[in-house]
file protein_29.txt (compact mmCIF, C-alpha atoms)
# COMPACT_ATOMS: atom_id res chain seq x y z
CA MET A 1 37.32 -51.71 16.79
CA ASN A 2 34.94 -52.64 13.99
CA ARG A 3 36.46 -52.49 10.54
CA LEU A 4 35.25 -52.42 6.97
CA TYR A 5 37.68 -53.62 4.34
CA HIS A 6 36.51 -51.76 1.28
CA TYR A 7 37.50 -50.02 -1.93
CA PRO A 8 36.28 -46.46 -2.54
CA LEU A 9 34.84 -47.12 -6.01
CA SER A 10 33.39 -50.54 -5.19
CA PRO A 11 29.59 -50.16 -5.32
CA TYR A 12 29.12 -53.12 -2.94
CA SER A 13 31.42 -51.49 -0.39
CA ARG A 14 29.42 -48.29 -0.75
CA LYS A 15 26.11 -50.08 -0.21
CA VAL A 16 27.41 -51.46 3.11
CA ARG A 17 28.96 -48.11 4.10
CA LEU A 18 25.56 -46.47 3.59
CA ALA A 19 23.77 -49.14 5.64
CA LEU A 20 26.34 -48.90 8.46
CA ALA A 21 26.20 -45.10 8.54
CA GLU A 22 22.40 -45.03 8.48
CA LYS A 23 22.32 -47.43 11.42
CA ARG A 24 25.10 -45.43 13.15
CA ILE A 25 27.49 -48.33 13.43
CA GLU A 26 30.97 -46.87 13.53
CA VAL A 27 33.70 -48.67 11.63
CA GLU A 28 37.26 -47.97 10.70
CA LEU A 29 37.61 -48.00 6.92
CA VAL A 30 40.53 -50.03 5.60
CA GLU A 31 41.20 -49.71 1.89
CA GLU A 32 41.76 -53.07 0.26
CA ARG A 33 43.12 -53.45 -3.26
CA TYR A 34 41.14 -56.68 -3.41
CA TRP A 35 42.21 -57.62 -6.93
CA GLU A 36 45.75 -58.18 -5.62
CA GLN A 37 44.36 -61.17 -3.68
CA ASP A 38 46.54 -60.68 -0.63
CA LEU A 39 46.62 -63.90 1.42
CA ASP A 40 45.50 -62.24 4.66
CA PHE A 41 42.55 -60.82 2.81
CA LEU A 42 41.65 -64.18 1.23
CA ARG A 43 41.64 -65.69 4.71
CA ARG A 44 39.04 -63.12 5.71
CA ASN A 45 36.95 -63.74 2.60
CA PRO A 46 37.75 -66.71 0.36
CA ALA A 47 35.55 -65.11 -2.30
CA GLY A 48 38.28 -62.44 -2.60
CA GLN A 49 35.80 -59.59 -2.84
CA VAL A 50 35.14 -56.39 -0.91
CA PRO A 51 33.44 -55.47 1.32
CA VAL A 52 34.43 -57.54 4.33
CA LEU A 53 33.14 -56.42 7.71
CA ARG A 54 34.79 -57.17 11.04
CA LEU A 55 32.00 -56.63 13.55
CA ASN A 56 32.13 -57.60 17.22
CA GLY A 57 34.74 -60.24 16.49
CA LYS A 58 32.89 -61.77 13.50
CA THR A 59 34.03 -61.60 9.88
CA LEU A 60 31.24 -61.05 7.37
CA ALA A 61 31.28 -61.01 3.56
CA ASP A 62 28.85 -60.41 0.68
CA SER A 63 27.11 -57.04 0.71
CA GLN A 64 23.55 -58.38 0.72
CA ALA A 65 24.22 -60.99 3.43
CA ILE A 66 25.93 -58.27 5.51
CA CYS A 67 23.03 -55.84 5.12
CA GLU A 68 20.45 -58.51 6.02
CA TYR A 69 22.55 -59.35 9.08
CA LEU A 70 22.76 -55.69 10.11
CA GLU A 71 18.99 -55.37 9.71
CA GLU A 72 18.39 -58.40 11.96
CA THR A 73 20.86 -57.37 14.65
CA VAL A 74 20.52 -53.56 14.58
CA PRO A 75 16.90 -53.04 13.50
CA ALA A 76 16.77 -49.24 13.85
CA PRO A 77 16.38 -47.39 11.62
CA PRO A 78 14.86 -50.07 9.39
CA LEU A 79 16.16 -50.52 5.85
CA PHE A 80 13.44 -53.00 4.89
CA PRO A 81 9.63 -52.67 5.16
CA ARG A 82 7.89 -54.92 7.69
CA ASP A 83 5.52 -56.78 5.37
CA PRO A 84 6.71 -59.71 3.23
CA ASP A 85 5.46 -58.11 -0.01
CA GLY A 86 7.42 -54.94 0.67
CA ARG A 87 10.49 -56.90 1.73
CA TYR A 88 10.26 -58.98 -1.44
CA GLU A 89 10.23 -55.84 -3.58
CA VAL A 90 13.28 -54.40 -1.81
CA ARG A 91 15.20 -57.65 -2.27
CA ARG A 92 14.20 -57.90 -5.92
CA LEU A 93 15.53 -54.40 -6.52
CA CYS A 94 18.75 -55.01 -4.59
CA ALA A 95 19.34 -58.01 -6.87
CA TRP A 96 18.46 -55.82 -9.86
CA PHE A 97 21.08 -53.19 -9.04
CA ASP A 98 23.72 -55.52 -7.59
CA GLY A 99 23.35 -57.96 -10.48
CA LYS A 100 21.79 -56.62 -13.65
CA PHE A 101 22.70 -52.93 -13.36
CA HIS A 102 26.24 -53.79 -12.35
CA ALA A 103 26.75 -56.27 -15.21
CA GLU A 104 25.16 -54.08 -17.85
CA VAL A 105 26.41 -50.67 -16.77
CA THR A 106 28.91 -50.32 -13.90
CA LYS A 107 31.12 -53.22 -14.90
CA ARG A 108 31.31 -51.99 -18.46
CA LEU A 109 31.91 -48.32 -17.75
CA MET A 110 33.95 -48.43 -14.53
CA GLY A 111 35.45 -51.84 -15.22
CA GLU A 112 36.87 -50.81 -18.54
CA ARG A 113 37.91 -47.25 -17.81
CA VAL A 114 38.85 -47.30 -14.13
CA PHE A 115 39.61 -50.81 -12.89
CA LYS A 116 41.49 -51.85 -16.00
CA LYS A 117 43.84 -48.90 -15.45
CA LEU A 118 44.16 -49.55 -11.71
CA ARG A 119 45.04 -53.19 -12.35
CA GLY A 120 47.35 -52.33 -15.22
CA GLY A 121 45.17 -54.32 -17.63
CA GLY A 122 45.50 -52.34 -20.87
CA VAL A 123 43.20 -50.11 -22.90
CA PRO A 124 39.43 -49.98 -22.41
CA ASP A 125 37.27 -52.10 -24.71
CA SER A 126 35.34 -49.40 -26.55
CA GLN A 127 32.50 -51.80 -27.46
CA ALA A 128 31.89 -52.53 -23.79
CA VAL A 129 31.99 -48.82 -22.90
CA LYS A 130 29.51 -48.07 -25.67
CA ALA A 131 27.16 -50.83 -24.51
CA GLY A 132 27.34 -49.51 -20.94
CA ALA A 133 26.57 -45.95 -22.04
CA ARG A 134 23.58 -47.30 -24.01
CA ASP A 135 22.24 -49.51 -21.22
CA ILE A 136 22.44 -46.90 -18.46
CA LYS A 137 19.61 -45.09 -20.29
CA TYR A 138 17.40 -48.16 -20.10
CA HIS A 139 18.08 -48.43 -16.36
CA LEU A 140 17.46 -44.73 -15.71
CA GLY A 141 14.22 -45.15 -17.65
CA TYR A 142 13.22 -48.07 -15.44
CA MET A 143 13.99 -46.05 -12.31
CA THR A 144 11.89 -43.19 -13.69
CA HIS A 145 9.04 -45.67 -14.19
CA LEU A 146 9.35 -46.85 -10.55
CA LEU A 147 9.53 -43.29 -9.20
CA GLU A 148 6.31 -42.34 -10.99
CA THR A 149 4.29 -44.20 -8.36
CA ARG A 150 6.67 -44.28 -5.37
CA ARG A 151 8.61 -41.78 -3.28
CA TRP A 152 11.61 -44.08 -3.09
CA LEU A 153 12.64 -46.97 -5.34
CA GLY A 154 11.27 -49.78 -3.19
CA GLY A 155 8.12 -48.01 -1.96
CA ASN A 156 7.21 -44.92 0.01
CA ASP A 157 10.04 -45.26 2.50
CA MET A 158 13.76 -45.23 1.91
CA THR A 159 15.15 -48.78 1.95
CA LEU A 160 18.22 -50.80 1.10
CA ALA A 161 17.02 -50.77 -2.53
CA ASP A 162 17.84 -47.05 -2.65
CA PHE A 163 21.29 -47.70 -1.23
CA ALA A 164 21.96 -50.51 -3.72
CA ALA A 165 21.04 -48.17 -6.58
CA ALA A 166 22.83 -45.11 -5.19
CA ALA A 167 25.95 -47.20 -4.56
CA GLN A 168 26.19 -48.05 -8.27
CA LEU A 169 25.24 -44.58 -9.50
CA SER A 170 27.57 -42.73 -7.13
CA CYS A 171 30.54 -44.68 -8.49
CA LEU A 172 29.53 -43.77 -12.02
CA ASP A 173 28.93 -40.17 -10.97
CA TYR A 174 32.49 -39.97 -9.63
CA VAL A 175 33.72 -40.35 -13.20
CA SER A 176 30.77 -38.36 -14.60
CA ASP A 177 29.00 -41.16 -16.43
CA VAL A 178 25.39 -40.39 -15.49
CA PRO A 179 23.21 -38.32 -17.87
CA TRP A 180 21.18 -36.82 -14.99
CA ASP A 181 19.63 -33.99 -16.97
CA LYS A 182 17.50 -36.28 -19.10
CA TYR A 183 16.06 -38.09 -16.08
CA GLU A 184 14.61 -35.44 -13.77
CA SER A 185 12.88 -37.74 -11.29
CA VAL A 186 15.98 -39.92 -10.89
CA LYS A 187 18.04 -36.76 -10.38
CA ASP A 188 15.62 -35.57 -7.68
CA TRP A 189 15.80 -38.97 -5.99
CA TYR A 190 19.60 -38.91 -6.09
CA ALA A 191 19.71 -35.36 -4.68
CA LYS A 192 17.57 -36.54 -1.75
CA ILE A 193 19.76 -39.51 -0.96
CA LYS A 194 22.99 -37.61 -1.59
CA SER A 195 22.09 -35.05 1.07
CA ARG A 196 21.77 -37.65 3.84
CA PRO A 197 24.51 -37.64 6.49
CA ALA A 198 25.20 -41.31 5.63
CA PHE A 199 26.38 -40.20 2.19
CA ARG A 200 29.07 -37.78 3.39
CA SER A 201 31.92 -40.25 3.62
CA LEU A 202 31.30 -41.38 0.01
CA LEU A 203 31.45 -37.83 -1.25
CA ALA A 204 34.88 -37.36 0.38
CA ASP A 205 36.38 -40.39 -1.45
CA GLN A 206 39.46 -39.82 -3.58
CA VAL A 207 41.08 -42.37 -5.87
CA PRO A 208 44.63 -41.49 -6.99
CA GLY A 209 44.78 -41.04 -10.75
CA PHE A 210 41.04 -40.35 -11.02
CA ARG A 211 39.82 -36.93 -9.97
CA PRO A 212 36.12 -36.86 -9.16
CA ALA A 213 33.85 -34.96 -11.54
CA ALA A 214 33.39 -31.29 -10.53
CA HIS A 215 29.76 -31.85 -9.47
CA TYR A 216 30.45 -35.13 -7.64
CA ALA A 217 30.30 -33.81 -4.07
CA ASP A 218 27.94 -30.93 -4.89
CA LEU A 219 24.57 -31.42 -3.18
CA ASP A 220 23.02 -28.96 -5.60
CA PHE A 221 24.33 -30.55 -8.79
CA MET B 1 -3.29 -72.06 -10.27
CA ASN B 2 0.21 -71.11 -9.16
CA ARG B 3 2.80 -71.19 -11.90
CA LEU B 4 6.55 -71.22 -12.18
CA TYR B 5 8.02 -69.97 -15.43
CA HIS B 6 11.32 -71.80 -15.56
CA TYR B 7 13.89 -73.49 -17.75
CA PRO B 8 14.96 -77.06 -16.91
CA LEU B 9 18.71 -76.38 -16.95
CA SER B 10 18.48 -72.98 -15.25
CA PRO B 11 20.10 -73.37 -11.81
CA TYR B 12 18.08 -70.46 -10.40
CA SER B 13 14.84 -72.10 -11.55
CA ARG B 14 15.98 -75.32 -9.88
CA LYS B 15 16.76 -73.55 -6.61
CA VAL B 16 13.19 -72.21 -6.48
CA ARG B 17 11.70 -75.57 -7.56
CA LEU B 18 13.51 -77.24 -4.66
CA ALA B 19 12.30 -74.60 -2.18
CA LEU B 20 8.70 -74.86 -3.44
CA ALA B 21 8.70 -78.67 -3.32
CA GLU B 22 10.27 -78.76 0.14
CA LYS B 23 7.55 -76.40 1.39
CA ARG B 24 4.91 -78.40 -0.51
CA ILE B 25 3.68 -75.48 -2.55
CA GLU B 26 2.23 -76.91 -5.75
CA VAL B 27 2.91 -75.05 -8.98
CA GLU B 28 2.36 -75.71 -12.63
CA LEU B 29 5.72 -75.62 -14.42
CA VAL B 30 5.77 -73.56 -17.61
CA GLU B 31 8.91 -73.82 -19.67
CA GLU B 32 10.17 -70.43 -20.79
CA ARG B 33 12.88 -70.00 -23.39
CA TYR B 34 13.76 -66.77 -21.61
CA TRP B 35 16.57 -65.80 -23.97
CA GLU B 36 13.98 -65.24 -26.70
CA GLN B 37 12.72 -62.28 -24.62
CA ASP B 38 9.06 -62.78 -25.45
CA LEU B 39 7.12 -59.59 -24.67
CA ASP B 40 4.59 -61.29 -22.39
CA PHE B 41 7.45 -62.72 -20.41
CA LEU B 42 9.22 -59.36 -20.15
CA ARG B 43 6.02 -57.88 -18.76
CA ARG B 44 6.14 -60.48 -16.02
CA ASN B 45 9.81 -59.84 -15.29
CA PRO B 46 11.51 -56.84 -16.90
CA ALA B 47 14.86 -58.42 -15.94
CA GLY B 48 14.10 -61.06 -18.60
CA GLN B 49 15.30 -63.93 -16.42
CA VAL B 50 13.82 -67.15 -15.12
CA PRO B 51 12.45 -68.14 -12.68
CA VAL B 52 9.28 -66.07 -12.39
CA LEU B 53 6.67 -67.25 -9.90
CA ARG B 54 2.94 -66.52 -10.10
CA LEU B 55 1.75 -67.14 -6.56
CA ASN B 56 -1.70 -66.21 -5.24
CA GLY B 57 -2.07 -63.53 -7.89
CA LYS B 58 1.38 -61.98 -7.36
CA THR B 59 4.27 -62.09 -9.81
CA LEU B 60 7.69 -62.65 -8.22
CA ALA B 61 11.17 -62.63 -9.76
CA ASP B 62 14.78 -63.22 -8.66
CA SER B 63 15.46 -66.60 -7.08
CA GLN B 64 16.83 -65.30 -3.79
CA ALA B 65 14.06 -62.72 -3.32
CA ILE B 66 11.49 -65.44 -4.11
CA CYS B 67 13.01 -67.90 -1.61
CA GLU B 68 13.18 -65.26 1.15
CA TYR B 69 9.52 -64.44 0.43
CA LEU B 70 8.54 -68.11 0.60
CA GLU B 71 10.38 -68.46 3.90
CA GLU B 72 8.52 -65.47 5.36
CA THR B 73 5.08 -66.52 4.14
CA VAL B 74 5.31 -70.33 4.38
CA PRO B 75 7.73 -70.85 7.29
CA ALA B 76 7.49 -74.67 7.50
CA PRO B 77 9.69 -76.50 6.94
CA PRO B 78 12.32 -73.79 7.50
CA LEU B 79 15.07 -73.27 4.93
CA PHE B 80 16.99 -70.81 7.10
CA PRO B 81 18.25 -71.18 10.68
CA ARG B 82 16.59 -68.98 13.31
CA ASP B 83 19.63 -67.12 14.61
CA PRO B 84 21.11 -64.14 12.72
CA ASP B 85 24.60 -65.71 12.56
CA GLY B 86 23.23 -68.87 10.98
CA ARG B 87 21.03 -66.89 8.61
CA TYR B 88 24.02 -64.79 7.60
CA GLU B 89 26.03 -67.89 6.74
CA VAL B 90 23.22 -69.33 4.62
CA ARG B 91 22.86 -66.05 2.72
CA ARG B 92 26.62 -65.76 2.21
CA LEU B 93 26.68 -69.25 0.71
CA CYS B 94 23.63 -68.63 -1.49
CA ALA B 95 25.47 -65.61 -2.89
CA TRP B 96 28.60 -67.75 -3.28
CA PHE B 97 26.84 -70.37 -5.41
CA ASP B 98 24.44 -68.04 -7.23
CA GLY B 99 27.21 -65.57 -7.99
CA LYS B 100 30.77 -66.88 -7.82
CA PHE B 101 30.18 -70.57 -8.57
CA HIS B 102 27.86 -69.68 -11.43
CA ALA B 103 30.25 -67.17 -12.98
CA GLU B 104 33.34 -69.33 -12.59
CA VAL B 105 31.88 -72.76 -13.36
CA THR B 106 28.26 -73.13 -14.55
CA LYS B 107 28.29 -70.18 -16.94
CA ARG B 108 31.52 -71.37 -18.52
CA LEU B 109 30.65 -75.05 -18.84
CA MET B 110 26.88 -74.95 -19.45
CA GLY B 111 26.90 -71.53 -21.06
CA GLU B 112 29.44 -72.49 -23.67
CA ARG B 113 28.36 -76.06 -24.39
CA VAL B 114 24.62 -76.06 -23.82
CA PHE B 115 23.15 -72.57 -23.98
CA LYS B 116 25.27 -71.46 -26.93
CA LYS B 117 23.86 -74.39 -28.91
CA LEU B 118 20.30 -73.79 -27.72
CA ARG B 119 20.50 -70.14 -28.75
CA GLY B 120 22.24 -70.93 -32.01
CA GLY B 121 25.32 -68.96 -30.91
CA GLY B 122 28.17 -70.89 -32.49
CA VAL B 123 30.98 -73.09 -31.20
CA PRO B 124 31.98 -73.26 -27.53
CA ASP B 125 34.92 -71.12 -26.42
CA SER B 126 37.41 -73.83 -25.38
CA GLN B 127 39.33 -71.44 -23.11
CA ALA B 128 36.18 -70.76 -21.10
CA VAL B 129 35.35 -74.47 -20.90
CA LYS B 130 38.88 -75.21 -19.71
CA ALA B 131 38.71 -72.49 -17.06
CA GLY B 132 35.35 -73.84 -15.85
CA ALA B 133 36.71 -77.40 -15.61
CA ARG B 134 39.66 -76.04 -13.62
CA ASP B 135 37.61 -73.88 -11.26
CA ILE B 136 35.01 -76.53 -10.39
CA LYS B 137 37.82 -78.35 -8.54
CA TYR B 138 38.49 -75.30 -6.40
CA HIS B 139 34.79 -75.07 -5.55
CA LEU B 140 34.46 -78.79 -4.77
CA GLY B 141 37.50 -78.38 -2.54
CA TYR B 142 35.84 -75.48 -0.75
CA MET B 143 32.68 -77.55 -0.24
CA THR B 144 34.81 -80.40 1.12
CA HIS B 145 36.33 -77.94 3.58
CA LEU B 146 32.87 -76.80 4.73
CA LEU B 147 31.59 -80.37 5.04
CA GLU B 148 34.50 -81.33 7.30
CA THR B 149 32.85 -79.51 10.20
CA ARG B 150 29.17 -79.45 9.18
CA ARG B 151 26.53 -81.98 8.20
CA TRP B 152 25.14 -79.63 5.53
CA LEU B 153 26.79 -76.72 3.75
CA GLY B 154 25.31 -73.95 5.88
CA GLY B 155 25.45 -75.76 9.23
CA ASN B 156 24.02 -78.89 10.82
CA ASP B 157 20.59 -78.54 9.18
CA MET B 158 19.68 -78.55 5.53
CA THR B 159 19.07 -74.98 4.31
CA LEU B 160 18.65 -72.91 1.19
CA ALA B 161 22.46 -72.91 0.85
CA ASP B 162 22.28 -76.62 0.01
CA PHE B 163 19.61 -75.96 -2.60
CA ALA B 164 21.61 -73.13 -4.16
CA ALA B 165 24.64 -75.42 -4.47
CA ALA B 166 22.67 -78.49 -5.60
CA ALA B 167 20.86 -76.38 -8.20
CA GLN B 168 24.16 -75.48 -9.86
CA LEU B 169 25.71 -78.94 -9.51
CA SER B 170 22.64 -80.81 -10.74
CA CYS B 171 22.69 -78.81 -13.99
CA LEU B 172 26.36 -79.69 -14.46
CA ASP B 173 25.64 -83.30 -13.54
CA TYR B 174 23.01 -83.48 -16.28
CA VAL B 175 25.83 -83.06 -18.81
CA SER B 176 28.29 -85.06 -16.67
CA ASP B 177 30.64 -82.25 -15.72
CA VAL B 178 31.18 -83.06 -12.05
CA PRO B 179 34.26 -85.11 -11.00
CA TRP B 180 32.41 -86.68 -8.04
CA ASP B 181 34.86 -89.48 -7.41
CA LYS B 182 37.62 -87.18 -6.25
CA TYR B 183 35.41 -85.43 -3.72
CA GLU B 184 33.87 -88.12 -1.51
CA SER B 185 32.24 -85.88 1.08
CA VAL B 186 30.64 -83.69 -1.60
CA LYS B 187 29.39 -86.82 -3.33
CA ASP B 188 27.86 -88.07 -0.06
CA TRP B 189 26.22 -84.69 0.49
CA TYR B 190 24.83 -84.71 -3.06
CA ALA B 191 23.52 -88.29 -2.65
CA LYS B 192 21.64 -87.15 0.48
CA ILE B 193 20.02 -84.17 -1.20
CA LYS B 194 19.36 -86.04 -4.44
CA SER B 195 17.28 -88.64 -2.60
CA ARG B 196 14.85 -86.08 -1.18
CA PRO B 197 11.33 -86.13 -2.68
CA ALA B 198 11.82 -82.43 -3.60
CA PHE B 199 14.53 -83.48 -6.05
CA ARG B 200 12.39 -85.88 -8.08
CA SER B 201 11.05 -83.40 -10.58
CA LEU B 202 14.59 -82.23 -11.41
CA LEU B 203 15.72 -85.76 -12.09
CA ALA B 204 12.90 -86.21 -14.61
CA ASP B 205 13.96 -83.15 -16.66
CA GLN B 206 14.70 -83.65 -20.33
CA VAL B 207 16.17 -81.07 -22.69
CA PRO B 208 15.83 -81.90 -26.40
CA GLY B 209 19.22 -82.29 -28.01
CA PHE B 210 20.94 -83.02 -24.69
CA ARG B 211 20.48 -86.46 -23.20
CA PRO B 212 21.19 -86.59 -19.48
CA ALA B 213 24.27 -88.48 -18.35
CA ALA B 214 23.56 -92.15 -17.57
CA HIS B 215 23.99 -91.64 -13.81
CA TYR B 216 22.03 -88.37 -13.69
CA ALA B 217 18.81 -89.74 -12.17
CA ASP B 218 20.51 -92.60 -10.37
CA LEU B 219 20.25 -92.19 -6.58
CA ASP B 220 23.10 -94.63 -6.16
CA PHE B 221 25.51 -93.00 -8.60
call {"tool": "encode", "arguments": {"input": "protein_29.txt", "output": "structure tokens"}}
result
Amino acid sequence: MNRLYHYPLSPYSRKVRLALAEKRIEVELVEERYWEQDLDFLRRNPAGQVPVLRLNGKTLADSQAICEYLEETVPAPPLFPRDPDGRYEVRRLCAWFDGKFHAEVTKRLMGERVFKKLRGGGVPDSQAVKAGARDIKYHLGYMTHLLETRRWLGGNDMTLADFAAAAQLSCLDYVSDVPWDKYESVKDWYAKIKSRPAFRSLLADQVPGFRPAAHYADLDF
Amino acid sequence: MNRLYHYPLSPYSRKVRLALAEKRIEVELVEERYWEQDLDFLRRNPAGQVPVLRLNGKTLADSQAICEYLEETVPAPPLFPRDPDGRYEVRRLCAWFDGKFHAEVTKRLMGERVFKKLRGGGVPDSQAVKAGARDIKYHLGYMTHLLETRRWLGGNDMTLADFAAAAQLSCLDYVSDVPWDKYESVKDWYAKIKSRPAFRSLLADQVPGFRPAAHYADLDF
């Protein structure tokens, strides 16, 4: 049986869950409290991070490397355009959300208020939370700018760039940290992606000690 | 004329310089003090990071997205294997060095002792420097482990994984932060990659205020 070692509020786990579901690759989800650095888990991925995918006897780590591998081995439906320019843009945006958005927003908001509590690491750093709440506006503004000329973030088709972005935003939305109402086009984009069958398993996630926001699983939020 | 906006001690700039040189794509190097967030530069790359490549009229950002684009548009010589498993491993290792190695080692050592000074940001955080000096040993150990069964880091051919690793290590080597002598097989690997023509331009780099270590440009270090 294929398995995904993941954590429900890990955006990188969510990105891979979305890619797997879109490509209809069934996996058993195994929750991994990766910060506890269990030795069996470190053997699977010496980087000590989720997600880790067991697929046809292989062990794969790093969300972007996994998604590129899935695209090469299970091409349909495609999550990248076919032309190099389009593929470049999708990869640039995956790096944007996985790297910059995560560091400036998700890590500050979720890291301080959720993961610190889960790991027993003390009170949130209010400066970091404030900076995250400020920077999410810049990012939602940038997404608005992209969506002015495109149907999806990476172009006119849905791609892995949309999953990378939705993976981050859906974690933040679980704890109600996204000011949707001020960013109509981003909200419309998120409603579209949220209503895909691939999204269902994310909307059913529950993390003990953190109840999802009332609108979290609502397709008509 | 093609241009690369870069910074000499930016490992991501170096990774792209190595890929460009290996593929014999000539570019004019333009030094960019990216932390000053010049408006013209931000127009080129809203992420505000180097490298940024101007290639045949296009503007490209993010080192991994750039290298994947180069591989797709200028396939020879290849920097990725042809099979999906091999390509996965190269991408996993690029993410390892670009992400984990950088965060745990380069950012702590170079960030505290070089970039803080360049940006006028005060004295180095000695805790961070200590943690970086500790963690580089773990990473050199991991590289040793990989090189026990492979000629190059990603497999038996030289790939982008080697450039990603050499880009980080060559920056650290500029300021003499790599304990080569305790890691013979990593040292041998670095000697091999350092002697490639693609490496020459990196070995000629000079950063005012920071003289390179005596052995930095020495092929027989």
call {"tool": "closest_atom_pairs", "arguments": {"input": "protein_29.txt", "of": "chain A", "to": "chain B", "cutoff": "7 Å", "atoms": "all atoms listed in the file", "output": "tab-separated table"}}
result
residue	atom	partner	partner_atom	distance
A:Ala61	CA	B:Arg92	CA	6.8
A:Asp62	CA	B:Arg92	CA	6.0
A:Ala65	CA	B:Arg91	CA	5.3
A:Tyr69	CA	B:Tyr88	CA	5.8
A:Glu72	CA	B:Pro84	CA	6.4
A:Pro84	CA	B:Tyr69	CA	6.2
A:Tyr88	CA	B:Ala65	CA	5.7
A:Arg91	CA	B:Ala65	CA	5.3
A:Arg92	CA	B:Ala65	CA	5.5
call {"tool": "residues_around", "arguments": {"input": "protein_29.txt", "residues": "Ala128 (chain A)", "least_positions_apart": "4", "cutoff": "12 Å", "atoms": "only C-alpha atoms", "output": "ChimeraX atom specification"}}
result
/A:103-113,123-124,132-135
call {"tool": "atom_distance", "arguments": {"input": "protein_29.txt", "atom1": "CA of His102 (chain A)", "atom2": "CA of Arg33 (chain B)"}}
result
23.7 Å
call {"tool": "atom_distance", "arguments": {"input": "protein_29.txt", "atom1": "CA of Ile193 (chain B)", "atom2": "CA of Asp220 (chain B)"}}
result
12.0 Å
call {"tool": "residues_around", "arguments": {"input": "protein_29.txt", "residues": "Ala19 (chain A)", "least_positions_apart": "4", "cutoff": "10 Å", "atoms": "only C-alpha atoms", "output": "list in words"}}
result
Arg14, Lys15, Lys23, Arg24, Ile25, Ser63, Ile66, Cys67, Glu68, Leu70, Glu71, Pro77, Pro78, Leu79, Thr159, Leu160, Phe163, Ala164, Ala198 and Phe199 of chain A
call {"tool": "residues_around", "arguments": {"input": "protein_29.txt", "residues": "Lys187 (chain A)", "least_positions_apart": "3", "cutoff": "12 Å", "atoms": "only C-alpha atoms", "output": "list in words"}}
result
Leu140, Gly141, Met143, Thr144, Leu147, Ala166, Leu169, Ser170, Asp173, Val178, Pro179, Trp180, Asp181, Lys182, Tyr183, Glu184, Tyr190, Ala191, Lys192, Ile193, Lys194, Leu219, Asp220 and Phe221 of chain A
call {"tool": "atom_distance", "arguments": {"input": "protein_29.txt", "atom1": "CA of Gly154 (chain A)", "atom2": "CA of Leu55 (chain B)"}}
result
20.1 Å
call {"tool": "residues_around", "arguments": {"input": "protein_29.txt", "residues": "Trp35 (chain B)", "least_positions_apart": "2", "cutoff": "10 Å", "atoms": "all atoms listed in the file", "output": "PyMOL selection string"}}
result
chain B and resi 32-33+37-38+48-50+115+118-119
call {"tool": "closest_residue", "arguments": {"input": "protein_29.txt", "among": "B:Arg3, B:His139, B:Arg82, B:Lys117", "to": "Pro208 (chain B)", "atoms": "only C-alpha atoms"}}
result
B:Lys117
call {"tool": "residues_around", "arguments": {"input": "protein_29.txt", "residues": "Ala21 (chain A)", "least_positions_apart": "5", "cutoff": "9 Å", "atoms": "all atoms listed in the file", "output": "VMD selection string"}}
result
chain A and resid 16 26 to 27 197 to 199 201
call {"tool": "closest_residue", "arguments": {"input": "protein_29.txt", "among": "A:Asn156, A:Asn45, A:Gln168, A:Thr149", "to": "Pro8 (chain A)", "atoms": "all atoms listed in the file"}}
result
A:Gln168
call {"tool": "closest_residue", "arguments": {"input": "protein_29.txt", "among": "A:Ser176, A:Gln127, A:Ser195, A:Asn2", "to": "Leu20 (chain A)", "atoms": "all atoms listed in the file"}}
result
A:Asn2
call {"tool": "decode", "arguments": {"input": "protein_29.txt", "residues": "region 33-41 of chain A", "atoms": "N, CA and C atoms", "output": "PDB file, in the first residue's frame"}}
result
ATOM      1  N   ARG A  33       4.277  13.190  13.713  1.00  0.00           N
ATOM      2  CA  ARG A  33       4.665  14.388  14.486  1.00  0.00           C
ATOM      3  C   ARG A  33       6.168  14.571  14.255  1.00  0.00           C
ATOM      4  N   TYR A  34       6.495  15.122  13.075  1.00  0.00           N
ATOM      5  CA  TYR A  34       7.856  15.100  12.550  1.00  0.00           C
ATOM      6  C   TYR A  34       8.865  15.818  13.445  1.00  0.00           C
ATOM      7  N   TRP A  35       8.386  16.770  14.240  1.00  0.00           N
ATOM      8  CA  TRP A  35       9.304  17.529  15.090  1.00  0.00           C
ATOM      9  C   TRP A  35       9.836  16.665  16.243  1.00  0.00           C
ATOM     10  N   GLU A  36       9.220  15.504  16.466  1.00  0.00           N
ATOM     11  CA  GLU A  36       9.728  14.616  17.515  1.00  0.00           C
ATOM     12  C   GLU A  36      10.918  13.792  17.026  1.00  0.00           C
ATOM     13  N   GLN A  37      11.185  13.848  15.716  1.00  0.00           N
ATOM     14  CA  GLN A  37      12.389  13.257  15.124  1.00  0.00           C
ATOM     15  C   GLN A  37      12.572  11.791  15.531  1.00  0.00           C
ATOM     16  N   ASP A  38      11.496  11.061  15.413  1.00  0.00           N
ATOM     17  CA  ASP A  38      11.513   9.615  15.623  1.00  0.00           C
ATOM     18  C   ASP A  38      12.549   8.957  14.699  1.00  0.00           C
ATOM     19  N   LEU A  39      13.297   8.001  15.225  1.00  0.00           N
ATOM     20  CA  LEU A  39      14.405   7.424  14.443  1.00  0.00           C
ATOM     21  C   LEU A  39      13.958   6.708  13.170  1.00  0.00           C
ATOM     22  N   ASP A  40      12.815   6.002  13.264  1.00  0.00           N
ATOM     23  CA  ASP A  40      12.286   5.345  12.060  1.00  0.00           C
ATOM     24  C   ASP A  40      11.979   6.379  10.986  1.00  0.00           C
ATOM     25  N   PHE A  41      11.434   7.490  11.430  1.00  0.00           N
ATOM     26  CA  PHE A  41      11.088   8.541  10.479  1.00  0.00           C
ATOM     27  C   PHE A  41      12.345   9.161   9.865  1.00  0.00           C
TER      28      PHE A  41
END
